[in-house]
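Comments concern the structure below.
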Amino acid sequence: MPSSVEPAIPAGHHAPGPPGPATPPGDSRVVPFTTRATRTGRGRRTPQPPPPDRAATTDTPQQRLAETAEAWFLKRGGTLTDETTADTYRATLDLVQLMLDGSLHEHLIGDGEHRHLTGMMRGLRDAPDSL
């Protein structure tokens, strides 16, 4: 019985010569597994960035947060690896931090809440650097 990685030879057929690929290159029965561009809603093809090499990255909470933030941007057709997008992202988070600081000053949130939310904002703000 052939191993599971070797192609089965049809009954009554003997392959001459040394073993090789089961089908010749370009055979229509072969499905290529290559990176494909996906279509956006407007019919244009856009290349998708390759997924990060999981072996090369450490699985820390900060890395997972960065990957989650990047997934949000990829879903919307952007990426935090683009410097202009990353700058806009950071500016937006700076504005949210200003809102948190104002809420603390106006006694709408307490010190503990402010520290907790500020820590979360720092983690989000560092996301582009972790990608």
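Identifiers in the structure tokens: chain A, B, ... in order shown; residue index from 1 per chain; ligand index from 1 in order shown.
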
Please provide the set of residues having any atom within 8 Å of segment 106-120 of chain A, restricted to only C-alpha atoms, with same-chain residues fewer than 5 positions apart removed, written as an mmCIF file with N, CA and C atoms, in the first residue's frame.
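Listing of result14.cif after writing:
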```cif
data_model
loop_
_atom_site.group_PDB
_atom_site.id
_atom_site.type_symbol
_atom_site.label_atom_id
_atom_site.label_comp_id
_atom_site.auth_asym_id
_atom_site.auth_seq_id
_atom_site.Cartn_x
_atom_site.Cartn_y
_atom_site.Cartn_z
ATOM 1 N N GLN A 97 -7.230 60.362 24.949
ATOM 2 C CA GLN A 97 -6.524 60.546 26.218
ATOM 3 C C GLN A 97 -6.813 61.929 26.797
ATOM 4 N N LEU A 100 -10.033 61.712 28.501
ATOM 5 C CA LEU A 100 -9.912 61.035 29.798
ATOM 6 C C LEU A 100 -9.309 61.965 30.850
ATOM 7 N N ASP A 101 -8.278 62.725 30.447
ATOM 8 C CA ASP A 101 -7.653 63.672 31.375
ATOM 9 C C ASP A 101 -8.666 64.736 31.821
#
```

Seminar exercise, completed: Correct to one decimal, the distance atom CA of Thr88 of chain A-atom CA of Thr60 of chain A is 24.9 Å

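Distances to Arg90 of chain A were evaluated for A:Pro49, A:Met121, A:Trp72, A:Leu65 using only C-alpha atoms, and the minimum falls at A:Met121.
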
Exercise. To one decimal place, how far is atom CA of Val96 of chain A from atom CA of Asp82 of chain A in Å?
Worked result: 21.2 Å

Seminar exercise, completed: Computed gap from atom CA of Gly102 of chain A to atom CA of Asp126 of chain A is 22.0 Å

Seminar exercise, completed: From the list A:Leu93, A:Leu98, A:Leu131, A:Leu104, the nearest residue to Thr79 of chain A using only C-alpha atoms is A:Leu131

Exercise. Using only C-alpha atoms, which residues sit within 12 Å of Thr68 of chain A once same-chain residues fewer than 3 positions away are excluded, as a ChimeraX atom specification?
Worked result: /A:61-65,71-75,79-80,123-124,127-128,130-131
